[in-house]
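Undergrad: Take a look at the following structure, please.
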Amino acid sequence: MRMFKDLFIGAVIGAANIIPGVSGGTMALVLGVYERLLTILSSVSFASVKALLGVLTFTGPARKTFLDEFNRLEGFFLIKIVSGALLSIALLASLMTYLLHTYHDPTYGFFFGLVLMSAIYPFKLIKHKNVVVFMMVAAGVISVMALANSVSNEDLLAKAEFKQQIKQQQAKMHRKKSAGELPLPADSGRKLSAYMYFLVLGAVAITAMVLPGVSGSFLLLLLGGYFDILAAIAGRDFLVLAAFALGCLIGLLASTRLIHFLLVRWHDATMGYLFGLVIGSLWMIWPFKTSAVIGDETIYLGNTIPVVLGSAQWLTLLCTGAGIALILLFLLVENKQQV
């Protein structure tokens, strides 16, 4: 049962990362594994990598060192979480794409119900609920709200138009490749400072993804690097992508250490802020939104409240109820196991 639970948590985290605006960090926090994952990731060091790779020497001492480090880093737990996330992404990517395209509101409604019902979990982790904690909760909510409203509808539409340009560019490159023509090579004259920019961009983006309620792609758009990364993917600029990936790795290790330190030093205040981020994320994943169509893509803009409840709205509410019911079932099973 424990294995199924960890796989399920990993699957939910993986599925959340597919949904734009839904944070995998949020799901990790509300499902009770956020602090545990932070502790593990913050304890990874060069010595850990050396010990884990040392098993390839196939010697007895190296195998013992590997097992000791594997157990210290809770390897089996990580494998279950990562396996669940990867399986979820692999199996649900196409389904989620279809659901988001065809049933946008019900899909977001389901995740809204998940977060709404399970948000009580991080709040229960706060031991001393004082004025400072509630101020940090308010700060977390305001942070997400400010981030959500920092990009105008015009920026969102510009982003969608750029996506259409990228699609056209990819189609053009595909036609050239089919005709036997090679795509143009990446700009070899780019300065080292430009690659450092993409490295820093990756570090900042992954830090945002680690925080519950914060969308990494949203932050990239604010920093002006979203279009550059899209262009690098479309143009197969592997040097830019490598610099960005390296930044993500550095940012992941650094941010997890920082957040873990804050949780150890000021647990309740930090957890209050993280709880505020979760509450604020409900604004970002509110299922009912105004929309506009750009090319073959529907762009969802500001939140709205439906005036008339038709079949689509009732389906969304039903899916929200399903998300709530799933968490209630999850909590019921967990409580029975603890009795």
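Convention: chains lettered A, B, ... in structure tokens order; per-chain residue numbering from 1; ligands numbered from 1 as shown.
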So which residues touch A:Lys129 within 10 Å, counting only C-alpha atoms, skipping near sequence neighbours fewer than 5 positions away, as number ranges by chain?
TA: A: 123-124, 134, 268-269, 272
Undergrad: Please identify all polymer residues within 6 Å of stretch 87-91 of chain A, counting only C-alpha atoms, omitting same-chain residues fewer than 4 positions from it, and present them as JSON, numbers by chain.
TA: {"A": [11, 14, 15, 83]}
Undergrad: Those residues you just picked out, can you put them in a file as a short mmCIF file (atom, residue, chain, number, x, y, z; two decimals), in the first residue's frame with N, CA and C atoms?
TA:
data_model
loop_
_atom_site.label_atom_id
_atom_site.label_comp_id
_atom_site.auth_asym_id
_atom_site.auth_seq_id
_atom_site.Cartn_x
_atom_site.Cartn_y
_atom_site.Cartn_z
N ALA A 11 2.75 10.37 -9.49
CA ALA A 11 1.92 10.53 -10.69
C ALA A 11 1.18 11.86 -10.68
N GLY A 14 3.67 14.60 -11.44
CA GLY A 14 3.98 14.59 -12.86
C GLY A 14 2.85 15.17 -13.69
N ALA A 15 1.61 14.78 -13.37
CA ALA A 15 0.46 15.30 -14.10
C ALA A 15 0.32 16.80 -13.91
N SER A 83 9.47 7.59 -10.59
CA SER A 83 8.83 6.64 -11.50
C SER A 83 7.37 7.00 -11.72
#
Undergrad: So, counting only C-alpha atoms, which residue among A:Thr65, A:Thr107, A:Asn153, A:Ser143 is closest to A:Thr316?
TA: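 Comparing A:Thr65, A:Thr107, A:Asn153, A:Ser143 against A:Thr316, the winner is A:Thr107.
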Undergrad: Find the residues near A:Pro287: any atom within 8 Å, counting only C-alpha atoms, skip ones fewer than 3 places away on the same chain, and give them as JSON, numbers by chain.
TA: {"A": [104, 105, 106, 107, 108, 109, 112, 303, 316]}
Undergrad: Near A:Ser193, within 12 Å and counting only C-alpha atoms, which residues show up once chain neighbours fewer than 5 positions away are dropped, as a list in words?
TA: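 With the cut-off at 12 Å, the set is Phe198, Leu199, Val200, Val240 and Ala243 of chain A.
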Undergrad: Could you take the residues named above and write them with C-alpha atoms, as an mmCIF file, in the first residue's frame?
TA:
data_model
loop_
_atom_site.group_PDB
_atom_site.id
_atom_site.type_symbol
_atom_site.label_atom_id
_atom_site.label_comp_id
_atom_site.auth_asym_id
_atom_site.auth_seq_id
_atom_site.Cartn_x
_atom_site.Cartn_y
_atom_site.Cartn_z
ATOM 1 C CA PHE A 198 20.767 31.502 -20.154
ATOM 2 C CA LEU A 199 22.496 29.693 -17.277
ATOM 3 C CA VAL A 200 21.168 32.274 -14.791
ATOM 4 C CA VAL A 240 21.804 27.502 -25.363
ATOM 5 C CA ALA A 243 23.507 26.311 -20.633
#
